[in-house]
>>> print(open('run-v5.cif').read())   # mmCIF, C-alpha atoms
data_structure
loop_
_atom_site.group_PDB
_atom_site.id
_atom_site.type_symbol
_atom_site.label_atom_id
_atom_site.label_comp_id
_atom_site.auth_asym_id
_atom_site.auth_seq_id
_atom_site.Cartn_x
_atom_site.Cartn_y
_atom_site.Cartn_z
ATOM 1 C CA GLY A 1 2.253 -18.983 10.795
ATOM 2 C CA PRO A 2 4.495 -16.072 11.718
ATOM 3 C CA ALA A 3 3.203 -12.529 11.486
ATOM 4 C CA ASN A 4 4.836 -10.460 8.758
ATOM 5 C CA PHE A 5 6.440 -7.298 10.079
ATOM 6 C CA GLY A 6 8.311 -6.355 6.886
ATOM 7 C CA ARG A 7 12.014 -5.798 7.195
ATOM 8 C CA LEU A 8 14.510 -4.746 9.798
ATOM 9 C CA VAL A 9 17.450 -2.714 8.513
ATOM 10 C CA ILE A 10 20.568 -2.463 10.676
ATOM 11 C CA ASP A 11 23.006 0.194 9.460
ATOM 12 C CA LEU A 12 26.585 -0.614 10.454
ATOM 13 C CA SER A 13 28.198 1.472 7.721
ATOM 14 C CA ARG A 14 29.968 3.830 10.143
ATOM 15 C CA MET A 15 31.308 1.119 12.413
ATOM 16 C CA GLU A 16 34.991 0.359 12.462
ATOM 17 C CA PHE A 17 34.905 -2.770 14.627
ATOM 18 C CA ILE A 18 32.571 -5.599 15.566
ATOM 19 C CA GLY A 19 33.525 -8.299 18.029
ATOM 20 C CA ALA A 20 32.238 -11.783 18.671
ATOM 21 C CA ALA A 21 29.462 -10.489 20.959
ATOM 22 C CA GLY A 22 28.259 -8.112 18.248
ATOM 23 C CA LEU A 23 28.268 -10.873 15.644
ATOM 24 C CA ARG A 24 26.301 -13.154 17.984
ATOM 25 C CA CYS A 25 23.801 -10.338 18.527
ATOM 26 C CA LEU A 26 23.339 -9.947 14.758
ATOM 27 C CA ALA A 27 22.896 -13.704 14.354
ATOM 28 C CA ARG A 28 20.289 -13.740 17.129
ATOM 29 C CA ALA A 29 18.488 -10.772 15.554
ATOM 30 C CA HIS A 30 18.450 -12.610 12.222
ATOM 31 C CA GLN A 31 17.021 -15.776 13.786
ATOM 32 C CA THR A 32 14.395 -13.870 15.770
ATOM 33 C CA SER A 33 13.346 -11.708 12.842
ATOM 34 C CA ALA A 34 12.996 -14.772 10.596
ATOM 35 C CA LYS A 35 10.714 -16.431 13.166
ATOM 36 C CA GLN A 36 8.575 -13.282 13.203
ATOM 37 C CA GLY A 37 8.334 -13.087 9.422
ATOM 38 C CA THR A 38 10.667 -10.104 9.228
ATOM 39 C CA GLN A 39 13.577 -9.859 6.806
ATOM 40 C CA LEU A 40 16.828 -8.686 8.361
ATOM 41 C CA GLN A 41 19.010 -6.587 6.100
ATOM 42 C CA ILE A 42 22.463 -5.464 7.234
ATOM 43 C CA VAL A 43 23.974 -2.336 5.689
ATOM 44 C CA THR A 44 27.752 -2.102 5.784
ATOM 45 C CA GLY A 45 28.804 -0.023 2.823
ATOM 46 C CA GLU A 46 32.440 -0.728 2.129
ATOM 47 C CA CYS A 47 33.535 -0.766 5.781
ATOM 48 C CA VAL A 48 35.533 -3.583 7.332
ATOM 49 C CA ILE A 49 32.378 -5.009 8.936
ATOM 50 C CA LYS A 50 31.294 -6.344 5.535
ATOM 51 C CA ARG A 51 34.479 -8.415 5.269
ATOM 52 C CA VAL A 52 34.009 -9.708 8.821
ATOM 53 C CA ILE A 53 30.406 -10.788 8.153
ATOM 54 C CA ASP A 54 31.417 -12.418 4.871
ATOM 55 C CA ALA A 55 34.276 -14.241 6.623
ATOM 56 C CA VAL A 56 31.958 -15.984 9.110
ATOM 57 C CA PRO A 57 29.289 -17.734 6.997
ATOM 58 C CA GLU A 58 28.448 -20.173 9.807
ATOM 59 C CA LEU A 59 26.567 -17.338 11.539
ATOM 60 C CA GLY A 60 23.952 -17.594 8.801
ATOM 61 C CA LEU A 61 23.727 -13.833 8.352
ATOM 62 C CA PRO A 62 22.317 -12.475 5.107
ATOM 63 C CA PRO A 63 24.902 -10.876 2.820
ATOM 64 C CA ALA A 64 25.283 -7.192 3.587
ATOM 65 C CA VAL A 65 24.219 -4.418 1.214
ATOM 66 C CA ASP A 66 25.926 -1.096 0.559
ATOM 67 C CA THR A 67 23.289 1.490 1.492
ATOM 68 C CA VAL A 68 20.129 1.887 3.561
ATOM 69 C CA ASP A 69 18.399 2.919 0.337
ATOM 70 C CA ASP A 70 19.395 -0.419 -1.231
ATOM 71 C CA ALA A 71 17.994 -2.281 1.775
ATOM 72 C CA CYS A 72 14.736 -0.316 1.913
ATOM 73 C CA HIS A 73 13.917 -0.392 -1.782
ATOM 74 C CA ALA A 74 14.869 -3.956 -2.675
ATOM 75 C CA GLU A 75 12.004 -6.241 -3.568
ATOM 76 C CA PRO A 76 11.568 -8.995 -0.932
ATOM 77 C CA ALA A 77 12.556 -11.670 -3.455
ATOM 78 C CA GLN A 78 15.814 -9.771 -4.061
ATOM 79 C CA LEU A 79 16.809 -9.725 -0.414
ATOM 80 C CA PRO A 80 19.446 -12.438 0.009
ATOM 81 C CA ASN A 81 19.230 -15.347 2.453
ATOM 82 C CA THR A 82 15.715 -14.779 3.765
ATOM 83 C CA THR A 83 15.019 -17.665 6.084
ATOM 84 C CA ALA A 84 11.490 -16.840 7.245
ATOM 85 C CA THR A 85 9.069 -19.639 6.582
ATOM 86 C CA ASP A 86 5.893 -19.206 4.614
ATOM 87 C CA ASP A 87 2.833 -21.327 5.373
ATOM 88 C CA ARG A 88 1.357 -20.765 1.913
ATOM 89 C CA GLY A 89 3.337 -23.689 0.536
#
>>> encode(input="run-v5.cif", output="structure tokens")
Amino acid sequence: GPANFGRLVIDLSRMEFIGAAGLRCLARAHQTSAKQGTQLQIVTGECVIKRVIDAVPELGLPPAVDTVDDACHAEPAQLPNTTATDDRG
């Protein structure tokens, strides 16, 4: 099965814009991290990026959280939309 590398936190909370290429990059990072057993967590705070991510559910991105602290201290079961597979059944 995939190796477990924990979680990858991407902090976008200071961004004011993300285009289609940036969204595709996030989706690819999410897919790759899931294959590697890593949970992707996107931090947006209250910036416009959160609304953009929420508006494009077909990308399959996990819902964003407000702070890096929230992302780092959440229990794995509390992290939304984790798609990594687990061979334990």
>>> residues_around(input="run-v5.cif", residues="range 42-56 of chain A", least_positions_apart="2", cutoff="6 Å", atoms="only C-alpha atoms", output="list of chain:residue names")
A:Val9, A:Ile10, A:Asp11, A:Leu12, A:Ser13, A:Glu58, A:Ala64, A:Val65, A:Asp66, A:Thr67
>>> resolve_selection(input="run-v5.cif", expression="the PyMOL selection byres ((chain A and resi 31) around 9)", output="list in words")
Leu26, Ala27, Arg28, Ala29, His30, Thr32, Ser33, Ala34, Lys35, Gln36, Leu40, Gly60, Leu61, Thr83 and Ala84 of chain A
>>> atom_distance(input="run-v5.cif", atom1="CA of Gly19 in chain A", atom2="CA of Leu59 in chain A")
13.1 Å
>>> atom_distance(input="run-v5.cif", atom1="CA of Arg7 in chain A", atom2="CA of Gln41 in chain A")
7.1 Å
>>> closest_residue(input="run-v5.cif", among="A:Pro57, A:Arg24, A:Met15, A:Gly6", to="Cys72 in chain A", atoms="only C-alpha atoms")
A:Gly6
>>> atom_distance(input="run-v5.cif", atom1="CA of Ala20 in chain A", atom2="CA of His73 in chain A")
29.7 Å
